[in-house]
>>> print(open('run_5.cif').read())   # mmCIF, C-alpha atoms
data_query
#
loop_
_atom_site.label_atom_id
_atom_site.label_comp_id
_atom_site.auth_asym_id
_atom_site.auth_seq_id
_atom_site.Cartn_x
_atom_site.Cartn_y
_atom_site.Cartn_z
CA MET A 163 -21.81 20.64 -17.20
CA TYR A 164 -18.57 20.16 -15.27
CA HIS A 165 -16.31 17.17 -15.72
CA SER A 166 -15.97 16.82 -11.92
CA ILE A 167 -17.23 18.39 -8.75
CA ILE A 168 -14.33 18.29 -6.28
CA VAL A 169 -15.27 18.37 -2.61
CA GLY A 170 -12.37 19.71 -0.55
CA TYR A 171 -9.38 21.89 -1.39
CA GLY A 172 -6.41 20.29 0.29
CA LEU A 173 -3.50 18.69 -1.56
CA ALA A 174 -5.70 15.93 -2.99
CA GLY A 175 -8.34 18.34 -4.28
CA LEU A 176 -5.80 20.76 -5.71
CA CYS A 177 -3.77 18.08 -7.51
CA TYR A 178 -6.84 16.46 -9.03
CA ALA A 179 -8.08 19.88 -10.16
CA PHE A 180 -4.66 20.43 -11.71
CA GLN A 181 -5.03 17.25 -13.77
CA LEU A 182 -8.36 18.54 -15.12
CA LYS A 183 -7.07 22.05 -15.78
CA LYS A 184 -4.11 20.63 -17.68
CA ARG A 185 -6.57 18.86 -20.02
CA ASN A 186 -9.02 21.79 -20.28
CA ARG A 187 -11.73 19.88 -18.42
CA PRO A 188 -14.11 22.15 -16.46
CA PHE A 189 -14.44 21.48 -12.73
CA LEU A 190 -16.00 22.93 -9.60
CA ILE A 191 -14.20 22.97 -6.24
CA ILE A 192 -16.52 23.17 -3.22
CA ASP A 193 -14.67 24.10 -0.07
CA HIS A 194 -15.02 26.32 2.96
CA PRO A 195 -11.76 28.02 4.02
CA SER A 196 -12.78 27.97 7.68
CA ILE A 197 -12.71 24.16 7.59
CA ASN A 198 -8.94 23.89 7.49
CA GLY A 199 -7.64 20.45 6.62
CA ALA A 200 -4.30 18.96 7.54
CA SER A 201 -2.74 20.25 4.30
CA GLN A 202 -3.13 23.87 5.36
CA ILE A 203 -0.94 23.54 8.45
CA SER A 204 1.56 21.04 7.05
CA SER A 205 5.26 21.93 6.90
CA GLY A 206 5.29 21.41 3.12
CA LEU A 207 8.31 19.09 3.43
CA CYS A 208 8.75 16.26 0.93
CA ASN A 209 11.00 13.60 2.42
CA PRO A 210 11.01 10.04 1.00
CA PHE A 211 12.54 8.43 4.11
CA ASN A 212 11.08 7.00 7.31
CA PHE A 213 13.53 8.15 9.96
CA LYS A 214 12.30 5.79 12.68
CA ARG A 215 13.70 2.72 10.92
CA LEU A 216 15.71 4.54 8.25
CA THR A 217 13.73 2.97 5.43
CA LEU A 218 12.12 4.24 2.26
CA ALA A 219 8.44 5.15 2.31
CA TRP A 220 6.17 3.02 0.12
CA ARG A 221 7.13 3.41 -3.58
CA ALA A 222 9.15 6.47 -2.54
CA PRO A 223 11.45 6.79 -5.59
CA GLU A 224 8.48 6.83 -7.98
CA PHE A 225 6.38 9.25 -5.92
CA PHE A 226 9.25 11.54 -4.95
CA LEU A 227 10.67 12.04 -8.43
CA PHE A 228 7.20 12.65 -9.91
CA ALA A 229 6.32 15.17 -7.18
CA LYS A 230 9.58 17.05 -7.61
CA GLU A 231 9.03 17.45 -11.35
CA PHE A 232 5.36 18.30 -10.79
CA PHE A 233 6.04 21.18 -8.40
CA GLN A 234 9.05 22.52 -10.29
CA SER A 235 6.99 22.57 -13.47
CA TYR A 236 4.09 24.28 -11.71
CA GLU A 237 6.40 26.95 -10.26
CA LYS A 238 7.44 27.94 -13.78
CA GLN A 239 3.80 28.66 -14.60
CA ILE A 240 3.26 31.18 -11.79
CA SER A 241 4.98 34.24 -10.42
CA GLY A 242 6.78 33.90 -7.12
CA SER A 243 8.78 31.22 -5.37
CA LEU A 244 7.05 27.99 -4.45
CA PHE A 245 9.80 25.35 -4.31
CA LYS A 246 13.08 25.18 -2.40
CA GLN A 247 15.64 22.53 -1.52
CA MET A 248 17.55 22.39 1.74
CA PRO A 249 19.36 19.67 3.68
CA ILE A 250 17.85 17.77 6.61
CA TYR A 251 20.12 17.23 9.60
CA LYS A 252 18.94 14.06 11.34
CA ARG A 253 20.33 13.68 14.84
CA LEU A 254 21.79 10.21 15.43
CA THR A 255 21.58 9.26 19.08
CA SER A 256 23.44 5.94 19.25
CA ALA A 257 26.37 4.05 17.76
CA GLY A 258 23.83 1.73 16.16
CA GLU A 259 22.13 4.62 14.34
CA ILE A 260 25.48 5.95 13.14
CA ASN A 261 26.46 2.53 11.81
CA GLN A 262 23.05 2.07 10.17
CA TRP A 263 23.43 5.41 8.43
CA SER A 264 26.78 4.36 6.98
CA VAL A 265 25.30 1.07 5.74
CA LYS A 266 22.32 2.78 4.09
CA TYR A 267 24.59 5.28 2.34
CA ASN A 268 25.86 2.55 0.01
CA GLN A 269 22.39 1.43 -1.12
CA PRO A 270 20.75 2.55 -4.39
CA PHE A 271 18.58 5.69 -4.13
CA PHE A 272 19.89 6.38 -0.61
CA LYS A 273 23.28 7.31 -2.05
CA SER A 274 21.80 10.15 -4.09
CA PHE A 275 20.53 11.74 -0.87
CA PHE A 276 22.78 10.71 2.02
CA ASP A 277 25.94 12.61 2.88
CA ALA A 278 28.79 10.16 3.46
CA GLN A 279 30.16 12.29 6.31
CA ILE A 280 28.68 12.24 9.80
CA HIS A 281 28.52 15.85 10.99
CA LYS A 282 29.30 16.90 14.56
CA SER A 283 26.89 19.82 14.91
CA PHE A 284 23.82 21.38 13.36
CA SER A 285 25.11 24.95 13.58
CA PRO A 286 27.58 27.09 15.56
CA ILE A 287 24.89 27.61 18.23
CA GLY A 288 24.32 23.86 18.50
CA PRO A 289 23.08 21.44 19.30
CA HIS A 290 26.25 19.36 19.09
CA GLY A 291 26.21 15.62 18.58
CA HIS A 292 26.16 13.36 15.53
CA TYR A 293 24.10 14.16 12.45
CA GLY A 294 23.37 12.36 9.24
CA VAL A 295 22.66 14.82 6.45
CA ILE A 296 20.14 14.28 3.67
CA HIS A 297 20.36 16.43 0.55
CA ASN A 298 17.90 16.97 -2.33
CA THR A 299 14.70 16.86 -0.30
CA PHE A 300 12.43 19.82 -0.90
CA GLN A 301 9.79 22.03 0.63
CA ILE A 302 6.68 23.63 -0.87
CA ASP A 303 5.16 26.94 0.19
CA LEU A 304 1.67 25.57 0.74
CA GLN A 305 0.02 28.92 1.41
CA TRP A 306 1.23 30.23 -1.92
CA LEU A 307 0.42 26.94 -3.66
CA PHE A 308 -3.25 27.05 -2.68
CA LYS A 309 -3.58 30.79 -3.29
CA SER A 310 -1.76 30.83 -6.64
CA PHE A 311 -3.74 27.93 -8.11
CA LEU A 312 -7.03 29.74 -7.50
CA GLN A 313 -5.58 32.72 -9.36
CA THR A 314 -4.99 30.55 -12.44
CA ILE A 315 -8.58 29.32 -12.77
CA ASP A 316 -11.90 30.93 -13.58
CA SER A 317 -13.59 32.31 -10.46
CA SER A 318 -16.68 30.22 -11.23
CA TYR A 319 -14.61 27.06 -10.67
CA TYR A 320 -14.38 27.64 -6.91
CA VAL A 321 -17.25 27.99 -4.43
CA LYS A 322 -16.75 28.91 -0.79
CA GLU A 323 -19.32 26.90 1.10
CA THR A 324 -19.68 23.85 3.28
CA PHE A 325 -20.68 20.76 1.33
CA ASN A 326 -24.09 19.38 2.29
CA SER A 327 -24.52 15.73 1.30
CA ASN A 328 -28.31 16.08 1.55
CA GLU A 329 -28.21 18.30 -1.54
CA LEU A 330 -26.43 15.67 -3.65
CA LYS A 331 -28.36 13.67 -6.26
CA MET A 332 -26.86 11.09 -8.61
CA ASP A 333 -28.14 8.80 -11.31
CA HIS A 334 -26.58 6.78 -14.14
CA SER A 335 -26.10 9.86 -16.35
CA GLN A 336 -25.01 12.73 -14.10
CA VAL A 337 -24.27 14.20 -10.70
CA LYS A 338 -26.40 17.09 -9.48
CA TYR A 339 -25.52 19.26 -6.51
CA LYS A 340 -27.79 22.25 -5.92
CA ARG A 341 -27.74 24.18 -9.21
CA TRP A 342 -24.62 22.49 -10.60
CA THR A 343 -24.36 19.37 -12.73
CA SER A 344 -21.33 17.24 -13.40
CA GLN A 345 -20.22 13.95 -14.89
CA HIS A 346 -18.42 12.93 -11.69
CA ILE A 347 -17.92 13.89 -8.07
CA VAL A 348 -14.62 13.34 -6.23
CA PHE A 349 -14.48 13.49 -2.43
CA CYS A 350 -11.17 14.98 -1.23
CA GLN A 351 -12.35 15.89 2.26
CA GLY A 352 -9.46 14.68 4.37
CA TYR A 353 -10.65 13.46 7.75
CA GLY A 354 -13.99 15.11 6.93
CA LEU A 355 -14.64 11.99 4.87
CA LYS A 356 -15.80 10.34 8.12
CA SER A 357 -18.89 12.56 8.14
CA ASN A 358 -19.82 11.72 4.54
CA PRO A 359 -22.60 9.08 4.53
CA LEU A 360 -21.27 7.61 1.27
CA THR A 361 -17.78 6.99 2.62
CA ARG A 362 -17.99 6.59 6.38
CA TYR A 363 -17.57 2.83 5.96
CA LEU A 364 -13.94 3.35 4.93
CA PRO A 365 -11.44 2.67 7.77
CA LEU A 366 -10.08 6.20 8.01
CA ILE A 367 -8.47 6.38 11.45
CA GLY A 368 -7.17 9.92 11.71
CA ASN A 369 -4.13 11.06 13.61
CA LYS A 370 -4.15 14.37 15.46
CA GLY A 371 -1.11 16.61 15.09
CA GLU A 372 -0.27 19.93 16.70
CA ARG A 373 2.48 22.31 15.64
CA LEU A 374 3.95 25.68 16.52
CA VAL A 375 5.13 28.47 14.28
CA ILE A 376 7.92 30.43 15.95
CA ARG A 377 10.09 33.40 15.06
CA SER A 378 13.80 33.50 15.89
CA ASP A 379 16.77 35.44 14.54
CA ALA A 380 19.24 32.87 15.92
CA ILE A 381 18.16 29.63 14.22
CA PRO A 382 19.69 28.88 10.77
CA THR A 383 17.28 29.41 7.89
CA ASP A 384 19.08 27.28 5.31
CA LYS A 385 18.70 23.80 6.84
CA ILE A 386 16.15 21.56 8.53
CA LEU A 387 16.67 19.89 11.90
CA LYS A 388 15.13 16.53 12.83
CA SER A 389 15.73 15.70 16.46
CA LYS A 390 13.06 15.43 19.16
CA CYS A 391 10.88 17.24 16.65
CA TYR A 392 11.26 18.94 13.28
CA VAL A 393 12.44 22.54 13.10
CA ILE A 394 11.78 23.67 9.54
CA PRO A 395 12.36 27.15 8.09
CA ARG A 396 9.24 28.62 6.54
CA PHE A 397 9.09 30.82 3.47
CA LYS A 398 8.54 33.86 5.75
CA LYS A 399 11.78 35.35 7.03
CA HIS A 400 13.02 33.95 10.37
CA GLN A 401 9.89 31.87 10.90
CA PHE A 402 10.02 28.14 11.66
CA TRP A 403 7.55 25.27 11.70
CA VAL A 404 8.01 23.16 14.87
CA GLY A 405 6.36 19.79 15.28
CA ALA A 406 4.47 17.82 15.06
CA THR A 407 2.81 15.81 17.79
CA PHE A 408 1.00 12.51 17.14
CA ASP A 409 -2.21 11.53 18.90
CA ARG A 410 -4.11 8.53 17.52
CA HIS A 411 -6.97 8.82 20.03
CA SER A 412 -8.22 12.40 20.06
CA LYS A 413 -10.36 13.53 17.14
CA SER A 414 -10.79 17.09 18.39
CA VAL A 415 -9.17 19.86 16.36
CA GLN A 416 -8.81 22.00 19.47
CA THR A 417 -5.22 22.70 20.50
CA THR A 418 -4.10 21.50 23.91
CA SER A 419 -1.76 23.01 26.49
CA LYS A 420 -0.21 19.55 26.95
CA SER A 421 0.91 19.29 23.31
CA LYS A 422 2.07 22.90 23.30
CA GLN A 423 4.23 22.25 26.34
CA GLN A 424 5.58 19.06 24.77
CA LEU A 425 6.78 21.05 21.73
CA ILE A 426 8.27 23.76 23.94
CA ASP A 427 10.10 21.10 25.99
CA ASP A 428 11.38 19.47 22.79
CA LEU A 429 12.72 22.84 21.64
CA LYS A 430 14.48 23.36 24.98
CA GLN A 431 16.39 20.12 24.45
CA ILE A 432 17.52 21.33 21.01
CA PHE A 433 18.25 25.06 21.27
CA SER A 434 18.99 27.61 23.95
CA VAL A 435 17.80 30.59 21.95
CA ASP A 436 15.14 33.24 22.31
CA TYR A 437 12.07 32.81 20.16
CA GLN A 438 8.52 34.07 19.87
CA ILE A 439 5.54 31.77 19.38
CA ILE A 440 3.46 33.12 16.51
CA SER A 441 0.79 30.44 16.30
CA HIS A 442 -0.26 27.07 17.67
CA GLN A 443 -2.54 24.96 15.45
CA SER A 444 -3.98 21.48 15.33
CA GLN A 445 -5.58 19.24 12.72
CA ILE A 446 -6.46 15.61 12.04
CA ARG A 447 -4.29 13.86 9.46
CA PRO A 448 -6.35 11.51 7.26
CA THR A 449 -4.62 8.20 7.98
CA VAL A 450 -5.86 4.75 7.00
CA ILE A 451 -5.79 1.46 8.89
CA ASP A 452 -3.25 -0.07 6.46
CA ARG A 453 -1.29 3.19 5.93
CA ARG A 454 -2.13 3.40 2.22
CA PRO A 455 -4.15 6.08 0.38
CA LEU A 456 -7.78 5.72 -0.64
CA LEU A 457 -8.56 5.98 -4.36
CA GLY A 458 -11.41 4.66 -6.44
CA LYS A 459 -15.10 4.44 -7.14
CA ILE A 460 -17.59 4.26 -4.29
CA PRO A 461 -19.57 0.98 -4.47
CA ASN A 462 -23.05 1.28 -6.00
CA HIS A 463 -22.34 4.82 -7.20
CA LYS A 464 -21.03 4.89 -10.75
CA ARG A 465 -20.05 8.57 -10.71
CA ALA A 466 -18.74 9.05 -7.16
CA PHE A 467 -15.06 8.71 -6.30
CA VAL A 468 -12.67 9.07 -3.35
CA PHE A 469 -9.20 10.63 -3.20
CA ASN A 470 -8.07 10.59 0.40
CA GLY A 471 -5.94 9.05 3.14
CA LEU A 472 -2.61 10.71 2.29
CA GLY A 473 -1.47 10.94 5.92
CA ILE A 474 1.88 12.68 6.34
CA ARG A 475 2.95 11.99 2.74
CA GLY A 476 0.58 14.32 0.93
CA ILE A 477 3.24 16.48 -0.73
CA MET A 478 5.03 13.44 -2.09
CA MET A 479 2.05 11.29 -3.08
CA ALA A 480 -0.75 13.62 -4.20
CA PRO A 481 0.67 14.57 -7.64
CA LEU A 482 1.10 11.00 -8.94
CA LEU A 483 -2.03 9.70 -7.22
CA SER A 484 -4.05 12.46 -8.92
CA LYS A 485 -2.75 11.29 -12.29
CA TRP A 486 -3.65 7.68 -11.49
CA LEU A 487 -7.14 8.73 -10.45
CA TYR A 488 -7.71 10.79 -13.60
CA HIS A 489 -6.72 7.90 -15.86
CA TYR A 490 -8.87 5.54 -13.81
CA ILE A 491 -11.95 7.76 -14.16
CA GLU A 492 -11.39 8.81 -17.75
CA LYS A 493 -9.83 5.72 -19.32
CA GLY A 494 -10.59 2.88 -16.94
CA VAL A 495 -6.90 2.29 -16.16
CA LYS A 496 -6.76 -0.06 -13.18
CA LEU A 497 -5.54 1.37 -9.88
CA PRO A 498 -2.81 -0.42 -7.89
CA GLU A 499 -4.46 -2.79 -5.44
CA GLU A 500 -2.62 -1.15 -2.52
CA VAL A 501 -4.52 2.15 -2.99
CA SER A 502 -7.86 1.02 -4.43
CA ILE A 503 -10.79 1.35 -2.04
CA ASP A 504 -11.98 -2.00 -3.40
CA ARG A 505 -9.73 -3.56 -0.76
CA PHE A 506 -12.32 -2.49 1.83
CA ASN A 507 -15.47 -3.65 0.05
CA GLN A 508 -16.13 -6.13 2.86
CA PHE A 509 -16.79 -3.14 5.15
CA HIS A 510 -19.44 -1.67 2.86
#
>>> encode(input="run_5.cif", output="structure tokens")
Amino acid sequence: MYHSIIVGYGLAGLCYAFQLKKRNRPFLIIDHPSINGASQISSGLCNPFNFKRLTLAWRAPEFFLFAKEFFQSYEKQISGSLFKQMPIYKRLTSAGEINQWSVKYNQPFFKSFFDAQIHKSFSPIGPHGHYGVIHNTFQIDLQWLFKSFLQTIDSSYYVKETFNSNELKMDHSQVKYKRWTSQHIVFCQGYGLKSNPLTRYLPLIGNKGERLVIRSDAIPTDKILKSKCYVIPRFKKHQFWVGATFDRHSKSVQTTSKSKQQLIDDLKQIFSVDYQIISHQSQIRPTVIDRRPLLGKIPNHKRAFVFNGLGIRGIMMAPLLSKWLYHYIEKGVKLPEEVSIDRFNQFH
């Protein structure tokens, strides 16, 4: 019997599986690679700041420092590079933004990231302007993260198939799915949670994002640009992640020519360089009505749990949230009210 059946292999599913592996608890991941979640096309960037208002994300110091240690520690356990730090150049477009940057620099936590100097250009090829620079943020090679973790576990711990809720049976003593039995089941399905009859009551909104991957020999590979969009070096030589768009209305994962053109137009306002578009992809970010994650036990189902709703902060939040969830399931440690799905019991 497994400790947990984990449905979904995005950042939530991987990090929870990591908690079980660390404690020698057997688990089964059920996931179909063709059903790509938002994690698989994410930039892999971990940034604790909200640039729109130049504020910290919710509980950012706690989540950021835990995630950094988590991924650095994991990298030491595998072969190959997974983790890298590089500065973010945030374009400041008004005197008010420049002044706000200088004010924030003197605040605790901000000071360990913010460069005191306002820079006049991103690179010799431009664009020129005013830039605040953030140091010590980091990026994860997500493709290698997902691939390498599967190489560290027994092949019987991962099944490539689409989860069918009609095959799930639960009682007070165990979970049974097809031929497998488990003590618990944890749903880490991203926006796919909306199609799960046990969890569709949860107010998962979803936010569609599209991004490009481009190749260019002219764009610097040692820094990140945040202007009209992000331009983020990938772990593959001279490739860059460009994006992403935000669409709160569409729930289709099909790419659109409109969003593609928007990203191309954004790039034109940033660089005048030649580049090649390698791919254009789209996915639905699992966002929640109150912008907080979803953790906890599904009402009326003693052995069924949810780990979801990470939005754009998956890299930063998933490691610590997975630890909270493990201690909640195993030891009954209470979850913070802000993330517990109990806050939505009135919708059940």
>>> closest_atom_pairs(input="run_5.cif", of="stretch 361-417 of chain A", to="stretch 193-213 of chain A", cutoff="10 Å", atoms="all atoms listed in the file", output="Markdown table")
| residue | atom | partner | partner_atom | distance |
| --- | --- | --- | --- | --- |
| A:Asn369 | CA | A:Ala200 | CA | 10.0 |
| A:Lys370 | CA | A:Ala200 | CA | 9.2 |
| A:Gly371 | CA | A:Ala200 | CA | 8.5 |
| A:Glu372 | CA | A:Ile203 | CA | 9.0 |
| A:Arg373 | CA | A:Ile203 | CA | 8.1 |
| A:Leu374 | CA | A:Ile203 | CA | 9.7 |
| A:Val375 | CA | A:Ile203 | CA | 9.8 |
| A:Ile386 | CA | A:Leu207 | CA | 9.7 |
| A:Lys388 | CA | A:Phe213 | CA | 9.0 |
| A:Tyr392 | CA | A:Ser205 | CA | 9.3 |
| A:Val393 | CA | A:Ser205 | CA | 9.5 |
| A:Ile394 | CA | A:Ser205 | CA | 7.2 |
| A:Pro395 | CA | A:Ser205 | CA | 8.9 |
| A:Arg396 | CA | A:Ser205 | CA | 7.8 |
| A:Phe402 | CA | A:Ser205 | CA | 9.2 |
| A:Trp403 | CA | A:Ser205 | CA | 6.3 |
| A:Val404 | CA | A:Ser205 | CA | 8.5 |
| A:Gly405 | CA | A:Ser205 | CA | 8.7 |
| A:Ala406 | CA | A:Ser204 | CA | 9.1 |
| A:Val415 | CA | A:Asn198 | CA | 9.7 |
>>> resolve_selection(input="run_5.cif", expression="the PyMOL selection byres ((chain A and resi 256-265) around 8)", output="list in words")
Leu216, Leu254, Thr255, Lys266, Tyr267, Asn268, Gln269, Ala278, Ile280, His292 and Gly294 of chain A
>>> closest_residue(input="run_5.cif", among="A:Phe469, A:Tyr164, A:Phe225, A:Phe276", to="A:Ile250", atoms="only C-alpha atoms")
A:Phe276
>>> resolve_selection(input="run_5.cif", expression="the PyMOL selection byres ((chain A and resi 335) around 12)", output="PDB file with C-alpha atoms, in the coordinates of the input")
ATOM      1  CA  MET A 163     -21.810  20.640 -17.200  1.00  0.00           C
ATOM      2  CA  LYS A 331     -28.360  13.670  -6.260  1.00  0.00           C
ATOM      3  CA  MET A 332     -26.860  11.090  -8.610  1.00  0.00           C
ATOM      4  CA  ASP A 333     -28.140   8.800 -11.310  1.00  0.00           C
ATOM      5  CA  HIS A 334     -26.580   6.780 -14.140  1.00  0.00           C
ATOM      6  CA  GLN A 336     -25.010  12.730 -14.100  1.00  0.00           C
ATOM      7  CA  VAL A 337     -24.270  14.200 -10.700  1.00  0.00           C
ATOM      8  CA  LYS A 338     -26.400  17.090  -9.480  1.00  0.00           C
ATOM      9  CA  THR A 343     -24.360  19.370 -12.730  1.00  0.00           C
ATOM     10  CA  SER A 344     -21.330  17.240 -13.400  1.00  0.00           C
ATOM     11  CA  GLN A 345     -20.220  13.950 -14.890  1.00  0.00           C
ATOM     12  CA  HIS A 346     -18.420  12.930 -11.690  1.00  0.00           C
ATOM     13  CA  HIS A 463     -22.340   4.820  -7.200  1.00  0.00           C
ATOM     14  CA  LYS A 464     -21.030   4.890 -10.750  1.00  0.00           C
ATOM     15  CA  ARG A 465     -20.050   8.570 -10.710  1.00  0.00           C
ATOM     16  CA  ALA A 466     -18.740   9.050  -7.160  1.00  0.00           C
TER      17      ALA A 466
END
>>> axis_aligned_box(input="run_5.cif", around="stretch 485-489 of chain A", padding_each_side="4 Å", output="lines of an AutoDock Vina configuration file")
center_x = -5.2
center_y = 9.5
center_z = -13.2
size_x = 13.0
size_y = 11.6
size_z = 13.4
>>> atom_distance(input="run_5.cif", atom1="atom CA of A:Gln443", atom2="atom CA of A:Ser421")
10.3 Å
>>> residues_around(input="run_5.cif", residues="A:Ser285", least_positions_apart="3", cutoff="9 Å", atoms="all atoms listed in the file", output="list in words")
Gly288, Pro289, His290, Ile381 and Pro382 of chain A
>>> closest_residue(input="run_5.cif", among="A:Gly494, A:Gln301, A:Gln438, A:Leu482", to="A:Gln234", atoms="only C-alpha atoms")
A:Gln301
>>> resolve_selection(input="run_5.cif", expression="the PyMOL selection byres ((chain A and resi 183-187) around 12)", output="ChimeraX atom specification")
/A:163-167,176-182,188-191,232,236,239,311-312,314-316,319,344-346,484-485,488-489,492
>>> write_last_selection(input="run_5.cif", atoms="C-alpha atoms", output="mmCIF file, in the frame of the given file")
data_model
loop_
_atom_site.group_PDB
_atom_site.id
_atom_site.type_symbol
_atom_site.label_atom_id
_atom_site.label_comp_id
_atom_site.auth_asym_id
_atom_site.auth_seq_id
_atom_site.Cartn_x
_atom_site.Cartn_y
_atom_site.Cartn_z
ATOM 1 C CA MET A 163 -21.810 20.640 -17.200
ATOM 2 C CA TYR A 164 -18.570 20.160 -15.270
ATOM 3 C CA HIS A 165 -16.310 17.170 -15.720
ATOM 4 C CA SER A 166 -15.970 16.820 -11.920
ATOM 5 C CA ILE A 167 -17.230 18.390 -8.750
ATOM 6 C CA LEU A 176 -5.800 20.760 -5.710
ATOM 7 C CA CYS A 177 -3.770 18.080 -7.510
ATOM 8 C CA TYR A 178 -6.840 16.460 -9.030
ATOM 9 C CA ALA A 179 -8.080 19.880 -10.160
ATOM 10 C CA PHE A 180 -4.660 20.430 -11.710
ATOM 11 C CA GLN A 181 -5.030 17.250 -13.770
ATOM 12 C CA LEU A 182 -8.360 18.540 -15.120
ATOM 13 C CA PRO A 188 -14.110 22.150 -16.460
ATOM 14 C CA PHE A 189 -14.440 21.480 -12.730
ATOM 15 C CA LEU A 190 -16.000 22.930 -9.600
ATOM 16 C CA ILE A 191 -14.200 22.970 -6.240
ATOM 17 C CA PHE A 232 5.360 18.300 -10.790
ATOM 18 C CA TYR A 236 4.090 24.280 -11.710
ATOM 19 C CA GLN A 239 3.800 28.660 -14.600
ATOM 20 C CA PHE A 311 -3.740 27.930 -8.110
ATOM 21 C CA LEU A 312 -7.030 29.740 -7.500
ATOM 22 C CA THR A 314 -4.990 30.550 -12.440
ATOM 23 C CA ILE A 315 -8.580 29.320 -12.770
ATOM 24 C CA ASP A 316 -11.900 30.930 -13.580
ATOM 25 C CA TYR A 319 -14.610 27.060 -10.670
ATOM 26 C CA SER A 344 -21.330 17.240 -13.400
ATOM 27 C CA GLN A 345 -20.220 13.950 -14.890
ATOM 28 C CA HIS A 346 -18.420 12.930 -11.690
ATOM 29 C CA SER A 484 -4.050 12.460 -8.920
ATOM 30 C CA LYS A 485 -2.750 11.290 -12.290
ATOM 31 C CA TYR A 488 -7.710 10.790 -13.600
ATOM 32 C CA HIS A 489 -6.720 7.900 -15.860
ATOM 33 C CA GLU A 492 -11.390 8.810 -17.750
#
>>> closest_residue(input="run_5.cif", among="A:Gln445, A:Asn507, A:Ser389, A:Thr299", to="A:Ala229", atoms="all atoms listed in the file")
A:Thr299
>>> residues_around(input="run_5.cif", residues="A:Gly354", least_positions_apart="5", cutoff="10 Å", atoms="only C-alpha atoms", output="list in words")
Gly170, Ile197, Gly199, Phe349, Thr361, Arg362, Leu366, Gly368, Ile446, Pro448 and Asn470 of chain A
>>> atom_distance(input="run_5.cif", atom1="atom CA of A:Ile503", atom2="atom CA of A:Lys459")
7.4 Å
>>> atom_distance(input="run_5.cif", atom1="atom CA of A:Gly471", atom2="atom CA of A:Arg454")
6.9 Å
>>> residues_near_point(input="run_5.cif", point="(-12.1, -0.6, 9.5)", cutoff="7 Å", atoms="all atoms listed in the file", output="ChimeraX atom specification")
/A:364-365,451,509
>>> write_last_selection(input="run_5.cif", atoms="C-alpha atoms", output="PDB file, in the frame of the given file")
ATOM      1  CA  LEU A 364     -13.940   3.350   4.930  1.00  0.00           C
ATOM      2  CA  PRO A 365     -11.440   2.670   7.770  1.00  0.00           C
ATOM      3  CA  ILE A 451      -5.790   1.460   8.890  1.00  0.00           C
ATOM      4  CA  PHE A 509     -16.790  -3.140   5.150  1.00  0.00           C
TER       5      PHE A 509
END
>>> closest_residue(input="run_5.cif", among="A:Tyr293, A:Trp342, A:Phe284, A:Trp306", to="A:Lys385", atoms="all atoms listed in the file")
A:Phe284
>>> closest_atom_pairs(input="run_5.cif", of="stretch 355-416 of chain A", to="stretch 430-435 of chain A", cutoff="9 Å", atoms="only C-alpha atoms", output="CSV")
residue,atom,partner,partner_atom,distance
A:Ser378,CA,A:Val435,CA,7.8
A:Asp379,CA,A:Val435,CA,8.9
A:Ala380,CA,A:Val435,CA,6.6
A:Ile381,CA,A:Val435,CA,7.8
A:Ser389,CA,A:Ile432,CA,7.5
A:Lys390,CA,A:Ile432,CA,7.6
A:Cys391,CA,A:Ile432,CA,8.9
>>> closest_residue(input="run_5.cif", among="A:Gln247, A:Phe233, A:Gln351, A:Lys252", to="A:Gly291", atoms="all atoms listed in the file")
A:Lys252
>>> residues_around(input="run_5.cif", residues="A:Tyr363", least_positions_apart="3", cutoff="10 Å", atoms="only C-alpha atoms", output="list of chain:residue names")
A:Leu355, A:Lys356, A:Asn358, A:Pro359, A:Leu360, A:Leu366, A:Phe506, A:Asn507, A:Gln508, A:Phe509, A:His510
>>> build_atoms(input="run_5.cif", residues="stretch 249-256 of chain A", atoms="N, CA and C atoms", output="compact mmCIF listing (two decimals), in the frame of the given file")
# COMPACT_ATOMS: atom_id res chain seq x y z
N PRO A 249 19.00 20.94 3.04
CA PRO A 249 19.36 19.67 3.68
C PRO A 249 18.60 19.44 4.99
N ILE A 250 18.40 18.17 5.30
CA ILE A 250 17.85 17.77 6.61
C ILE A 250 18.98 17.21 7.45
N TYR A 251 19.15 17.75 8.64
CA TYR A 251 20.12 17.23 9.60
C TYR A 251 19.38 16.33 10.59
N LYS A 252 19.60 15.03 10.47
CA LYS A 252 18.94 14.06 11.34
C LYS A 252 19.87 13.69 12.48
N ARG A 253 19.47 13.98 13.69
CA ARG A 253 20.33 13.68 14.84
C ARG A 253 20.37 12.17 15.07
N LEU A 254 21.57 11.63 15.18
CA LEU A 254 21.79 10.21 15.43
C LEU A 254 22.19 10.05 16.89
N THR A 255 21.43 9.27 17.62
CA THR A 255 21.58 9.26 19.08
C THR A 255 22.29 8.03 19.63
N SER A 256 22.74 7.14 18.76
CA SER A 256 23.44 5.94 19.25
C SER A 256 24.45 5.47 18.23
